$ cat final.txt   # compact mmCIF, C-alpha atoms
# COMPACT_ATOMS: atom_id res chain seq x y z
CA MET A 244 -29.00 12.24 -5.40
CA LYS A 245 -26.10 11.79 -2.96
CA LYS A 246 -26.69 9.89 0.25
CA ARG A 247 -25.33 11.73 3.27
CA LEU A 248 -23.73 10.05 6.22
CA ASN A 249 -24.50 10.50 9.90
CA THR A 250 -20.86 10.58 11.01
CA ARG A 251 -21.60 10.52 14.72
CA THR A 252 -23.59 7.30 14.88
CA ALA A 253 -22.22 5.28 11.98
CA TRP A 254 -20.26 2.12 12.78
CA TYR A 255 -19.30 -0.58 10.37
CA ARG A 256 -17.48 -3.87 10.07
CA LEU A 257 -14.07 -4.12 8.51
CA ASP A 258 -14.07 -4.60 4.74
CA LEU A 259 -12.87 -7.80 3.09
CA SER A 260 -9.23 -6.65 2.87
CA ALA A 261 -9.23 -5.06 6.32
CA ILE A 262 -10.21 -8.19 8.24
CA VAL A 263 -6.79 -9.84 8.01
CA TYR A 264 -4.61 -6.92 9.19
CA PRO A 265 -5.52 -6.82 12.93
CA THR A 266 -5.11 -10.59 13.04
CA LEU A 267 -1.52 -10.36 11.75
CA GLN A 268 -0.51 -7.44 13.97
CA ARG A 269 2.29 -8.38 16.37
CA ARG A 270 5.18 -6.74 18.22
CA ASN A 271 7.58 -7.04 15.27
CA PHE A 272 5.10 -6.57 12.43
CA SER A 273 2.51 -3.94 11.66
CA SER A 274 0.15 -3.48 8.74
CA VAL A 275 1.03 0.21 8.54
CA TYR A 276 2.03 2.07 5.38
CA ARG A 277 3.17 5.65 4.80
CA ILE A 278 2.52 8.28 2.15
CA SER A 279 4.51 11.53 2.20
CA ALA A 280 4.30 14.90 0.52
CA VAL A 281 7.70 16.55 0.06
CA LEU A 282 7.17 20.30 -0.01
CA LYS A 283 9.50 23.06 -1.20
CA GLU A 284 9.36 24.89 2.14
CA THR A 285 10.05 23.84 5.72
CA VAL A 286 6.92 22.53 7.44
CA GLU A 287 5.54 24.58 10.35
CA ALA A 288 4.30 22.15 12.99
CA ASP A 289 1.64 24.44 14.51
CA LEU A 290 0.04 25.14 11.11
CA LEU A 291 0.18 21.45 10.24
CA GLN A 292 -1.67 20.60 13.47
CA ARG A 293 -4.35 23.15 12.62
CA ALA A 294 -4.65 21.63 9.14
CA VAL A 295 -5.09 18.15 10.64
CA ASP A 296 -7.77 19.39 13.07
CA MET A 297 -9.65 21.11 10.26
CA THR A 298 -9.37 18.25 7.76
CA LEU A 299 -10.06 15.07 9.71
CA PRO A 300 -13.79 15.68 10.42
CA ARG A 301 -14.35 15.62 6.64
CA PHE A 302 -12.93 12.07 6.57
CA PRO A 303 -15.05 9.86 8.83
CA ALA A 304 -13.35 6.76 7.36
CA PHE A 305 -10.18 7.83 9.20
CA LYS A 306 -11.65 9.49 12.30
CA VAL A 307 -12.40 6.12 13.89
CA MET A 308 -11.21 3.59 16.46
CA MET A 309 -11.27 -0.18 16.37
CA ARG A 310 -13.56 -2.27 18.57
CA LYS A 311 -13.64 -6.02 19.08
CA GLY A 312 -16.93 -7.90 19.08
CA VAL A 313 -17.65 -11.57 19.74
CA PHE A 314 -17.64 -12.50 16.04
CA TRP A 315 -16.09 -9.54 14.16
CA ARG A 316 -14.05 -6.41 14.68
CA TYR A 317 -15.65 -3.13 13.74
CA LEU A 318 -14.88 0.59 13.50
CA GLU A 319 -16.77 3.38 15.20
CA PRO A 320 -16.42 7.20 15.27
CA ASN A 321 -13.64 8.60 17.45
CA ASP A 322 -14.19 12.05 18.99
CA ARG A 323 -11.13 11.99 21.24
CA PRO A 324 -8.53 14.78 20.89
CA GLY A 325 -5.94 14.10 18.21
CA PRO A 326 -4.23 12.78 16.31
CA PHE A 327 -1.30 15.06 17.15
CA VAL A 328 1.51 15.79 14.71
CA GLU A 329 4.94 14.58 15.77
CA PRO A 330 8.57 15.02 14.64
CA ASP A 331 9.51 12.16 12.32
CA ILE A 332 11.29 9.00 13.49
CA VAL A 333 14.13 6.94 12.02
CA ASN A 334 12.13 3.71 11.67
CA PRO A 335 8.67 4.55 10.29
CA CYS A 336 5.54 2.39 10.15
CA MET A 337 5.92 1.14 13.71
CA PRO A 338 3.22 -1.21 15.08
CA MET A 339 0.07 0.73 15.91
CA SER A 340 -1.62 0.13 19.25
CA PHE A 341 -5.40 -0.07 19.11
CA GLN A 342 -5.55 1.39 22.64
CA GLY A 343 -2.88 4.14 22.50
CA SER A 344 -2.71 7.54 20.78
CA SER A 345 -6.33 8.29 21.67
CA ARG A 346 -7.16 5.11 19.71
CA TYR A 347 -6.57 6.74 16.33
CA LEU A 348 -5.25 4.44 13.60
CA ILE A 349 -3.37 7.15 11.72
CA ARG A 350 -0.24 9.16 12.51
CA ILE A 351 1.07 12.43 11.07
CA TYR A 352 4.79 13.23 11.12
CA TYR A 353 6.86 16.16 9.89
CA TYR A 354 10.55 16.54 9.14
CA GLN A 355 12.05 19.59 7.45
CA ASN A 356 9.92 19.93 4.28
CA ARG A 357 8.17 16.55 4.53
CA ILE A 358 4.63 15.74 5.72
CA SER A 359 4.04 12.01 6.30
CA LEU A 360 0.76 10.21 6.87
CA GLU A 361 0.85 6.69 8.33
CA VAL A 362 -2.28 4.55 8.10
CA PHE A 363 -3.22 1.20 9.58
CA HIS A 364 -4.27 -0.81 6.55
CA SER A 365 -7.66 -1.80 7.99
CA LEU A 366 -8.83 1.79 7.40
CA SER A 367 -7.95 2.30 3.77
CA ASP A 368 -5.70 1.45 0.86
CA GLY A 369 -3.19 3.89 -0.59
CA SER A 370 -5.65 5.45 -3.04
CA GLY A 371 -8.05 6.32 -0.21
CA ALA A 372 -5.29 7.66 2.04
CA LEU A 373 -4.01 9.88 -0.77
CA TYR A 374 -7.26 11.87 -0.60
CA LEU A 375 -6.65 12.57 3.09
CA LEU A 376 -3.00 13.56 2.58
CA ARG A 377 -3.72 15.81 -0.42
CA THR A 378 -6.61 17.53 1.32
CA MET A 379 -4.62 17.99 4.53
CA THR A 380 -1.68 19.40 2.55
CA ALA A 381 -4.00 21.74 0.65
CA VAL A 382 -5.46 23.04 3.92
CA TYR A 383 -1.93 23.53 5.29
CA LEU A 384 -0.96 25.56 2.20
CA ARG A 385 -4.12 27.68 2.60
CA LEU A 386 -3.11 28.43 6.18
CA LYS A 387 0.24 29.56 4.78
CA GLY A 388 -1.64 32.06 2.65
CA TYR A 389 -1.74 30.26 -0.68
CA LYS A 390 -4.93 29.84 -2.69
CA VAL A 391 -5.75 26.18 -3.32
CA PRO A 392 -9.12 25.15 -4.80
CA VAL A 393 -10.93 21.85 -4.28
CA GLY A 394 -10.85 19.13 -6.92
CA GLN A 395 -8.22 16.73 -8.33
CA GLY A 396 -7.88 14.81 -5.10
CA VAL A 397 -8.61 17.68 -2.70
CA LEU A 398 -12.02 17.34 -1.04
CA ASP A 399 -14.24 20.19 0.12
CA LEU A 400 -14.12 20.54 3.92
CA TYR A 401 -17.58 22.11 3.94
CA GLU A 402 -19.21 19.32 1.94
CA GLU A 403 -21.00 16.60 3.89
CA PRO A 404 -19.28 13.21 3.44
CA ASP A 405 -20.95 10.98 0.88
CA GLU A 406 -22.25 7.67 2.25
CA GLU A 407 -20.45 5.89 -0.57
CA GLU A 408 -17.08 6.97 0.87
CA LEU A 409 -17.63 4.43 3.67
CA GLU A 410 -19.07 1.58 1.60
CA ASP A 411 -17.56 -1.88 1.47
CA ALA A 412 -17.30 -1.88 -2.31
CA TYR A 413 -16.23 -5.53 -2.35
CA ILE A 414 -19.69 -6.62 -1.20
CA ARG A 415 -21.35 -4.31 -3.70
CA TYR A 416 -19.52 -5.74 -6.71
CA ALA A 417 -18.79 -9.38 -5.79
CA SER A 418 -21.19 -11.07 -8.21
CA SER A 419 -19.23 -13.58 -10.29
CA ARG A 420 -20.63 -17.08 -10.65
CA VAL A 421 -17.07 -18.46 -10.73
CA ARG A 422 -14.65 -18.68 -7.81
CA PRO A 423 -11.14 -19.35 -9.11
CA PRO A 424 -8.91 -21.53 -6.92
CA ARG A 425 -5.90 -20.04 -5.12
CA SER A 426 -2.38 -20.98 -6.15
CA LYS A 427 -0.59 -23.19 -3.62
CA GLU A 428 2.88 -23.19 -5.16
CA LYS A 429 5.75 -21.98 -2.98
CA THR A 430 8.08 -19.29 -4.29
CA TYR A 431 11.68 -18.29 -3.75
CA ARG A 432 12.23 -16.51 -0.44
CA ILE A 433 15.11 -14.15 0.25
CA ARG A 434 17.47 -15.29 2.98
CA GLY A 435 19.14 -12.53 4.96
CA THR A 436 20.37 -11.34 8.34
CA ARG A 437 17.47 -10.04 10.40
CA GLU A 438 17.85 -6.56 11.83
CA PRO A 439 17.29 -5.84 15.55
CA PHE A 440 13.72 -5.44 16.79
CA TYR A 441 11.72 -3.30 14.40
CA THR A 442 14.56 -1.77 12.44
CA LEU A 443 13.13 -0.84 9.05
CA ASN A 444 15.68 -0.31 6.29
CA ILE A 445 14.49 2.10 3.61
CA ILE A 446 16.09 2.78 0.23
CA THR A 447 14.36 5.30 -2.04
CA GLY A 448 15.28 5.93 -5.65
CA ILE A 449 14.21 9.21 -7.26
CA LEU A 450 13.90 8.91 -11.04
CA PRO A 451 13.10 11.39 -13.83
CA VAL A 452 9.60 10.52 -15.07
CA GLN A 453 10.41 11.21 -18.71
CA GLN A 454 13.35 8.81 -18.71
CA VAL A 455 11.20 6.03 -17.23
CA LEU A 456 8.45 6.69 -19.77
CA SER A 457 10.96 6.70 -22.60
CA VAL A 458 12.50 3.35 -21.60
CA SER A 459 9.07 1.76 -21.09
CA LYS A 460 8.00 3.02 -24.50
CA GLN A 461 11.11 1.51 -26.10
CA PHE A 462 10.13 -1.87 -24.67
CA GLN A 463 6.47 -1.25 -25.67
CA VAL A 464 5.14 -1.86 -22.15
CA SER A 465 3.58 0.25 -19.40
CA VAL A 466 5.64 1.69 -16.55
CA THR A 467 4.07 -0.78 -14.10
CA GLU A 468 4.89 -3.72 -16.37
CA TYR A 469 8.46 -2.49 -16.80
CA LEU A 470 9.07 -2.06 -13.06
CA ASN A 471 7.54 -5.46 -12.28
CA ALA A 472 9.86 -7.02 -14.84
CA VAL A 473 12.89 -5.27 -13.34
CA LEU A 474 11.99 -6.55 -9.86
CA LEU A 475 11.46 -10.10 -11.15
CA TYR A 476 14.82 -9.82 -12.94
CA ALA A 477 16.50 -8.72 -9.68
CA LEU A 478 14.89 -11.59 -7.74
CA LEU A 479 16.03 -14.14 -10.34
CA LYS A 480 19.58 -12.77 -10.17
CA LYS A 481 19.47 -12.90 -6.38
CA GLN A 482 18.35 -16.54 -6.45
CA GLU A 483 21.25 -17.32 -8.80
CA GLU A 484 23.72 -15.59 -6.46
CA ASP A 485 22.37 -17.60 -3.52
CA HIS A 486 23.30 -20.88 -5.27
CA VAL A 487 20.16 -22.52 -3.92
CA PHE A 488 19.88 -26.31 -3.86
CA ARG A 489 16.54 -26.23 -5.68
CA GLU A 490 15.29 -23.31 -7.77
CA LEU A 491 11.78 -22.02 -7.19
CA PRO A 492 9.54 -19.60 -9.09
CA VAL A 493 9.89 -15.91 -8.25
CA SER A 494 6.63 -14.06 -7.80
CA ILE A 495 5.49 -10.54 -6.96
CA ALA A 496 2.39 -9.68 -4.94
CA MET A 497 0.91 -6.63 -6.66
CA PRO A 498 -2.24 -4.81 -5.49
CA VAL A 499 -4.68 -3.70 -8.18
CA ASN A 500 -6.87 -0.64 -7.57
CA LEU A 501 -10.37 -1.95 -8.28
CA ARG A 502 -11.80 1.57 -8.64
CA ARG A 503 -10.37 1.52 -12.17
CA PHE A 504 -12.84 -1.26 -13.07
CA PHE A 505 -15.75 -0.87 -10.64
CA PRO A 506 -16.84 2.75 -10.03
CA SER A 507 -16.85 3.63 -6.35
CA LYS A 508 -16.12 6.68 -4.19
CA THR A 509 -15.07 4.49 -1.28
CA LEU A 510 -12.13 5.74 0.76
CA ARG A 511 -11.75 2.34 2.36
CA ASN A 512 -9.84 -0.65 0.95
CA PHE A 513 -10.79 -1.65 -2.57
CA ILE A 514 -7.90 -3.64 -3.98
CA THR A 515 -7.10 -7.21 -4.90
CA MET A 516 -3.83 -8.99 -5.56
CA VAL A 517 -2.30 -10.37 -8.73
CA TYR A 518 0.95 -12.35 -8.86
CA PRO A 519 3.16 -11.89 -11.94
CA SER A 520 5.84 -14.58 -11.79
CA ILE A 521 8.69 -16.31 -13.59
CA ASP A 522 9.66 -19.97 -13.20
CA PRO A 523 13.41 -20.46 -13.81
CA ARG A 524 12.92 -24.24 -13.81
CA MET A 525 11.64 -23.81 -17.36
CA GLY A 526 15.01 -22.36 -18.43
CA SER A 527 17.00 -19.14 -18.38
CA TYR A 528 15.10 -15.93 -19.09
CA THR A 529 16.43 -12.81 -20.76
CA PHE A 530 15.08 -9.51 -19.51
CA GLU A 531 13.10 -9.12 -22.73
CA GLU A 532 11.47 -12.50 -22.15
CA ILE A 533 10.56 -11.50 -18.59
CA LEU A 534 9.03 -8.28 -19.92
CA LEU A 535 6.99 -10.14 -22.50
CA GLN A 536 5.62 -12.59 -19.93
CA VAL A 537 4.72 -9.83 -17.48
CA HIS A 538 3.07 -7.81 -20.25
CA HIS A 539 0.81 -10.68 -21.33
CA TYR A 540 0.07 -11.71 -17.74
CA MET A 541 -1.15 -8.19 -16.93
CA ARG A 542 -3.29 -8.02 -20.06
CA TYR A 543 -4.82 -11.42 -19.37
CA TYR A 544 -5.61 -11.10 -15.67
CA ILE A 545 -6.20 -7.41 -15.03
CA ASN A 546 -9.74 -6.97 -16.36
CA SER A 547 -13.15 -6.70 -14.76
CA LYS A 548 -14.14 -10.36 -15.30
CA PHE A 549 -11.12 -11.94 -13.62
CA LEU A 550 -11.01 -9.34 -10.86
CA ASN A 551 -14.72 -9.78 -10.09
CA ALA A 552 -14.23 -13.53 -9.79
CA ASP A 553 -11.31 -12.95 -7.43
CA ILE A 554 -13.19 -10.67 -5.04
CA THR A 555 -16.22 -12.98 -5.18
CA THR A 556 -14.00 -15.77 -3.87
CA ASN A 557 -12.97 -13.53 -0.96
CA ALA A 558 -16.53 -12.40 -0.26
CA ALA A 559 -17.78 -15.98 -0.15
CA VAL A 560 -15.70 -16.61 2.97
CA THR A 561 -17.34 -13.88 5.07
CA ARG A 562 -20.80 -14.68 3.69
CA HIS A 563 -20.69 -18.33 4.74
CA PRO A 564 -23.23 -18.87 7.56
CA LEU A 565 -20.91 -21.12 9.58
CA ILE A 566 -18.04 -18.64 9.47
CA ARG A 567 -20.36 -15.87 10.61
CA ILE A 568 -21.03 -17.63 13.93
CA VAL A 569 -17.44 -18.74 14.64
CA PRO A 570 -15.99 -16.72 17.58
CA LEU A 571 -13.43 -14.04 16.70
CA PHE A 572 -10.55 -15.65 18.60
CA PHE A 573 -10.90 -18.82 16.51
CA LYS A 574 -11.14 -16.81 13.26
CA ASP A 575 -7.95 -15.00 14.26
CA PHE A 576 -6.10 -18.25 14.87
CA VAL A 577 -7.14 -19.78 11.53
CA VAL A 578 -6.39 -16.64 9.50
CA ARG A 579 -3.00 -16.21 11.18
CA GLN A 580 -1.97 -19.80 10.50
CA PHE A 581 -3.23 -19.68 6.90
CA TYR A 582 -1.36 -16.46 6.16
CA LYS A 583 1.84 -17.65 7.81
CA ARG A 584 1.90 -21.14 6.32
CA VAL A 585 0.29 -20.55 2.91
CA GLN A 586 -0.49 -17.00 1.77
CA ASP A 587 2.83 -15.36 2.68
CA LYS A 588 4.72 -18.04 0.76
CA HIS A 589 3.03 -17.19 -2.55
CA SER A 590 5.28 -14.20 -3.29
CA SER A 591 8.97 -13.36 -3.20
CA ALA A 592 8.38 -9.61 -2.84
CA GLY A 593 5.64 -7.01 -2.95
CA LEU A 594 5.25 -4.14 -5.41
CA THR A 595 2.55 -1.50 -5.33
CA ASN A 596 2.24 1.39 -7.78
CA LEU A 597 -0.07 4.24 -6.76
CA GLY A 598 0.42 5.75 -10.20
CA VAL A 599 0.41 9.43 -11.08
CA VAL A 600 -0.77 11.72 -8.28
CA GLU A 601 -3.05 14.54 -9.36
CA THR A 602 -3.42 17.82 -7.47
CA PRO A 603 -4.87 21.23 -8.30
CA GLU A 604 -2.47 23.22 -10.45
CA GLU A 605 -2.13 25.78 -7.65
CA MET A 606 -0.44 23.16 -5.42
CA ARG A 607 2.26 22.24 -7.90
CA PRO A 608 4.65 25.16 -7.17
CA HIS A 609 4.75 24.11 -3.51
CA ILE A 610 5.19 20.31 -3.82
CA GLU A 611 8.37 18.65 -5.06
CA ARG A 612 7.19 15.04 -5.03
CA PHE A 613 5.24 12.32 -3.20
CA ASP A 614 6.75 9.19 -1.64
CA VAL A 615 5.05 5.95 -0.58
CA LEU A 616 6.32 3.20 1.72
CA MET A 617 4.68 -0.22 2.11
CA GLY A 618 6.17 -0.70 5.57
CA GLN A 619 7.36 -3.77 7.43
CA PRO A 620 7.28 -7.02 5.41
CA PHE A 621 5.63 -9.93 7.19
CA SER A 622 8.64 -12.16 6.52
CA ALA A 623 12.28 -11.67 5.58
CA ARG A 624 11.88 -10.04 2.20
CA THR A 625 11.65 -6.59 0.66
CA ASN A 626 8.60 -4.56 -0.32
CA CYS A 627 8.62 -2.01 -3.15
CA ALA A 628 6.29 0.98 -3.53
CA VAL A 629 6.06 3.38 -6.48
CA ILE A 630 4.43 6.78 -6.91
CA SER A 631 4.78 9.57 -9.47
CA TYR A 632 4.23 13.33 -9.29
CA GLY A 633 5.36 16.05 -11.66
CA ASP A 634 8.87 15.38 -12.92
CA TYR A 635 9.73 12.69 -10.38
CA LEU A 636 8.97 9.01 -9.95
CA SER A 637 9.74 7.70 -6.45
CA ILE A 638 10.52 4.03 -5.76
CA SER A 639 10.92 3.01 -2.10
CA PHE A 640 12.06 -0.36 -0.76
CA ALA A 641 11.42 -1.39 2.85
CA SER A 642 12.99 -4.45 4.46
CA SER A 643 13.92 -5.81 7.87
CA ILE A 644 17.13 -7.57 6.79
CA VAL A 645 20.68 -6.20 6.59
CA GLU A 646 21.39 -7.22 3.01
CA ALA A 647 20.18 -4.97 0.19
CA ASP A 648 21.07 -7.25 -2.73
CA VAL A 649 17.67 -7.12 -4.44
CA GLU A 650 17.56 -3.33 -4.17
CA ARG A 651 21.10 -3.09 -5.58
CA LEU A 652 20.27 -5.35 -8.52
CA PHE A 653 16.99 -3.49 -9.15
CA PHE A 654 18.48 0.01 -9.30
CA ARG A 655 21.56 -1.19 -11.19
CA LYS A 656 19.27 -2.55 -13.93
CA LEU A 657 17.49 0.81 -14.18
CA VAL A 658 20.84 2.58 -14.59
CA GLN A 659 21.90 0.06 -17.25
CA ASP A 660 18.71 0.91 -19.14
CA GLY A 661 19.70 4.58 -19.17
CA ILE A 662 17.65 5.88 -16.24
CA HIS A 663 19.33 8.25 -13.79
CA VAL A 664 18.68 7.25 -10.17
CA LYS A 665 19.25 9.40 -7.07
CA ILE A 666 19.35 7.28 -3.90
CA GLU A 667 18.10 8.32 -0.46
CA SER A 668 18.24 5.97 2.54
CA ASN A 669 17.89 5.80 6.32
CA ARG A 670 20.71 3.27 6.40
CA ASN A 671 24.10 4.12 7.92
CA THR A 672 25.79 3.34 4.64
CA GLU A 673 24.62 4.31 1.17
CA ALA A 674 23.20 1.74 -1.20
CA GLU A 675 25.26 0.95 -4.26
$ encode --input "final.txt" --output "structure tokens"
Amino acid sequence: MKKRLNTRTAWYRLDLSAIVYPTLQRRNFSSVYRISAVLKETVEADLLQRAVDMTLPRFPAFKVMMRKGVFWRYLEPNDRPGPFVEPDIVNPCMPMSFQGSSRYLIRIYYYQNRISLEVFHSLSDGSGALYLLRTMTAVYLRLKGYKVPVGQGVLDLYEEPDEEELEDAYIRYASSRVRPPRSKEKTYRIRGTREPFYTLNIITGILPVQQVLSVSKQFQVSVTEYLNAVLLYALLKKQEEDHVFRELPVSIAMPVNLRRFFPSKTLRNFITMVYPSIDPRMGSYTFEEILLQVHHYMRYYINSKFLNADITTNAAVTRHPLIRIVPLFFKDFVVRQFYKRVQDKHSSAGLTNLGVVETPEEMRPHIERFDVLMGQPFSARTNCAVISYGDYLSISFASSIVEADVERLFFRKLVQDGIHVKIESNRNTEAE
């Protein structure tokens, strides 16, 4: 029997992933990501606003505001008017004020035929946010007169939210008796010219899905393994071009959707990170050798046993009785320093793959593709985000530096492998 949620009185602490994001928020960095649905018709702003107003009450995980307690931050229901749809902006994923915009931690933008949802990462990961965007888009299409059923990522507006949608699934599943140590090795960092205050450079490649599948099949790897290998290849080439005094390993921070291994309906964060890497100090690597190493790394680490041990390590921190009673301002200081001095140096770039997006068949004639954007990197590097829908696979890079060398090397390698790439960008000049 499903447990129903009292959406008006429920409040809850941030989940294990969510705790760090408010701590890292600053004027020139925000833990905000974006998912977009590219339709085949121009978006009507008034209908989109109606769709938002109708949809959001079904998603109590997003209809919230952030509060600060003495020891922890927490989220509570937000009944203020909004959020209100807005025309899109040149630099997306701007820092999100916890006091402005009626205190909502999501934004909805429109531009021509595009609907974009921006989410502060403390609310949800990309998989959870996709449910909100798909349902909101389905409601919008219904208001346009099209028939769209529930299911395949579209939730029923008239169904009471399930209590499990708001659970901290980390706490539920963190049960390993082993807590693996964290790597402390530094990795290669991209050096580039910083853009002016909060200029976010975006380069999106649109690829035919069948070509990507065909190339991955030729190499006998998955699409995610192939794209990770291409990004590692580009980072190695970039390090060579930089003529660094001392070579360092190149590493990718890649989120893993834990729902694949631990059943949960949670719409909050439920991911952990893995770090496929290559160490050029061991010798020169061919692309095939990079692929092979990534393939075996993924097979070895991405399974329920290793992932459970990883989240148990994270859960142990918040469960410690001494940490529970440490004031929030001191927790913030320690977390900020740890992330800046240690955690952020463990990866050369980020890559997230939301996989294949499912929708009801009735939505397919009206949607061209989905895009995803990781948003502002914490340091001078580039972040890569991948999503697939129908005939198109979308790969978006976001960076705050002028140079686009890694992106150029990445897409050039795809073309060399026989994949056609169409480039879109918010830059003044086109990427190579």
$ residues_around --input "final.txt" --residues "Leu450 (chain A)" --least-positions-apart "6" --cutoff "6 Å" --atoms "all atoms listed in the file" --output "ChimeraX atom specification"
/A:635-636,664
$ write_last_selection --input "final.txt" --atoms "C-alpha atoms" --output "tab-separated table (two decimals), in the frame of the given file"
chain	number	residue	atom	x	y	z
A	635	TYR	CA	9.73	12.69	-10.38
A	636	LEU	CA	8.97	9.01	-9.95
A	664	VAL	CA	18.68	7.25	-10.17
$ closest_residue --input "final.txt" --among "A:Phe314, A:Tyr354, A:Tyr544, A:Phe302" --to "Glu287 (chain A)" --atoms "all atoms listed in the file"
A:Tyr354
$ residues_around --input "final.txt" --residues "region 371-375 of chain A" --least-positions-apart "3" --cutoff "7 Å" --atoms "all atoms listed in the file" --output "PyMOL selection string"
chain A and resi 367-368+378-379+396-397+510-511
$ atom_distance --input "final.txt" --atom1 "CA of Leu360 (chain A)" --atom2 "CA of Ile278 (chain A)"
5.4 Å
$ closest_residue --input "final.txt" --among "A:Pro424, A:Pro523, A:Pro570, A:Pro265" --to "Lys480 (chain A)" --atoms "only C-alpha atoms"
A:Pro523
$ decode --input "final.txt" --residues "region 360-366 of chain A" --atoms "all heavy atoms" --output "PDB file, in the first residue's frame"
ATOM      1  N   LEU A 360      14.012  24.106 -17.928  1.00  0.00           N
ATOM      2  CA  LEU A 360      13.831  24.029 -16.477  1.00  0.00           C
ATOM      3  C   LEU A 360      15.207  24.085 -15.822  1.00  0.00           C
ATOM      4  O   LEU A 360      16.078  23.269 -16.123  1.00  0.00           O
ATOM      5  CB  LEU A 360      13.133  22.716 -16.099  1.00  0.00           C
ATOM      6  CG  LEU A 360      13.101  22.355 -14.611  1.00  0.00           C
ATOM      7  CD1 LEU A 360      12.226  23.336 -13.831  1.00  0.00           C
ATOM      8  CD2 LEU A 360      12.615  20.918 -14.413  1.00  0.00           C
ATOM      9  N   GLU A 361      15.405  25.076 -14.929  1.00  0.00           N
ATOM     10  CA  GLU A 361      16.636  25.158 -14.161  1.00  0.00           C
ATOM     11  C   GLU A 361      16.348  24.793 -12.712  1.00  0.00           C
ATOM     12  O   GLU A 361      15.352  25.248 -12.140  1.00  0.00           O
ATOM     13  CB  GLU A 361      17.249  26.552 -14.247  1.00  0.00           C
ATOM     14  CG  GLU A 361      17.765  26.884 -15.637  1.00  0.00           C
ATOM     15  CD  GLU A 361      18.559  28.169 -15.699  1.00  0.00           C
ATOM     16  OE1 GLU A 361      18.608  28.910 -14.693  1.00  0.00           O
ATOM     17  OE2 GLU A 361      19.132  28.439 -16.770  1.00  0.00           O
ATOM     18  N   VAL A 362      17.233  24.000 -12.131  1.00  0.00           N
ATOM     19  CA  VAL A 362      17.005  23.444 -10.796  1.00  0.00           C
ATOM     20  C   VAL A 362      18.260  23.626  -9.957  1.00  0.00           C
ATOM     21  O   VAL A 362      19.369  23.324 -10.410  1.00  0.00           O
ATOM     22  CB  VAL A 362      16.652  21.942 -10.874  1.00  0.00           C
ATOM     23  CG1 VAL A 362      16.429  21.364  -9.480  1.00  0.00           C
ATOM     24  CG2 VAL A 362      15.432  21.720 -11.762  1.00  0.00           C
ATOM     25  N   PHE A 363      18.071  24.134  -8.728  1.00  0.00           N
ATOM     26  CA  PHE A 363      19.169  24.142  -7.767  1.00  0.00           C
ATOM     27  C   PHE A 363      19.383  22.709  -7.300  1.00  0.00           C
ATOM     28  O   PHE A 363      18.445  22.026  -6.900  1.00  0.00           O
ATOM     29  CB  PHE A 363      18.846  25.052  -6.588  1.00  0.00           C
ATOM     30  CG  PHE A 363      19.991  25.238  -5.639  1.00  0.00           C
ATOM     31  CD1 PHE A 363      21.139  25.898  -6.045  1.00  0.00           C
ATOM     32  CD2 PHE A 363      19.928  24.739  -4.347  1.00  0.00           C
ATOM     33  CE1 PHE A 363      22.210  26.058  -5.172  1.00  0.00           C
ATOM     34  CE2 PHE A 363      20.989  24.897  -3.468  1.00  0.00           C
ATOM     35  CZ  PHE A 363      22.137  25.565  -3.887  1.00  0.00           C
ATOM     36  N   HIS A 364      20.634  22.277  -7.330  1.00  0.00           N
ATOM     37  CA  HIS A 364      20.935  20.847  -7.191  1.00  0.00           C
ATOM     38  C   HIS A 364      20.543  20.271  -5.833  1.00  0.00           C
ATOM     39  O   HIS A 364      20.451  19.051  -5.667  1.00  0.00           O
ATOM     40  CB  HIS A 364      22.422  20.596  -7.448  1.00  0.00           C
ATOM     41  CG  HIS A 364      22.708  19.339  -8.194  1.00  0.00           C
ATOM     42  ND1 HIS A 364      22.024  18.153  -7.962  1.00  0.00           N
ATOM     43  CD2 HIS A 364      23.588  19.051  -9.177  1.00  0.00           C
ATOM     44  CE1 HIS A 364      22.486  17.214  -8.757  1.00  0.00           C
ATOM     45  NE2 HIS A 364      23.436  17.722  -9.510  1.00  0.00           N
ATOM     46  N   SER A 365      20.305  21.105  -4.829  1.00  0.00           N
ATOM     47  CA  SER A 365      19.890  20.580  -3.529  1.00  0.00           C
ATOM     48  C   SER A 365      18.506  19.946  -3.591  1.00  0.00           C
ATOM     49  O   SER A 365      18.148  19.149  -2.722  1.00  0.00           O
ATOM     50  CB  SER A 365      19.897  21.690  -2.473  1.00  0.00           C
ATOM     51  OG  SER A 365      21.215  22.012  -2.112  1.00  0.00           O
ATOM     52  N   LEU A 366      17.708  20.303  -4.605  1.00  0.00           N
ATOM     53  CA  LEU A 366      16.358  19.748  -4.712  1.00  0.00           C
ATOM     54  C   LEU A 366      16.362  18.353  -5.307  1.00  0.00           C
ATOM     55  O   LEU A 366      15.664  17.456  -4.825  1.00  0.00           O
ATOM     56  CB  LEU A 366      15.469  20.650  -5.577  1.00  0.00           C
ATOM     57  CG  LEU A 366      15.195  22.068  -5.098  1.00  0.00           C
ATOM     58  CD1 LEU A 366      14.142  22.704  -5.985  1.00  0.00           C
ATOM     59  CD2 LEU A 366      14.749  22.083  -3.646  1.00  0.00           C
TER      60      LEU A 366
END
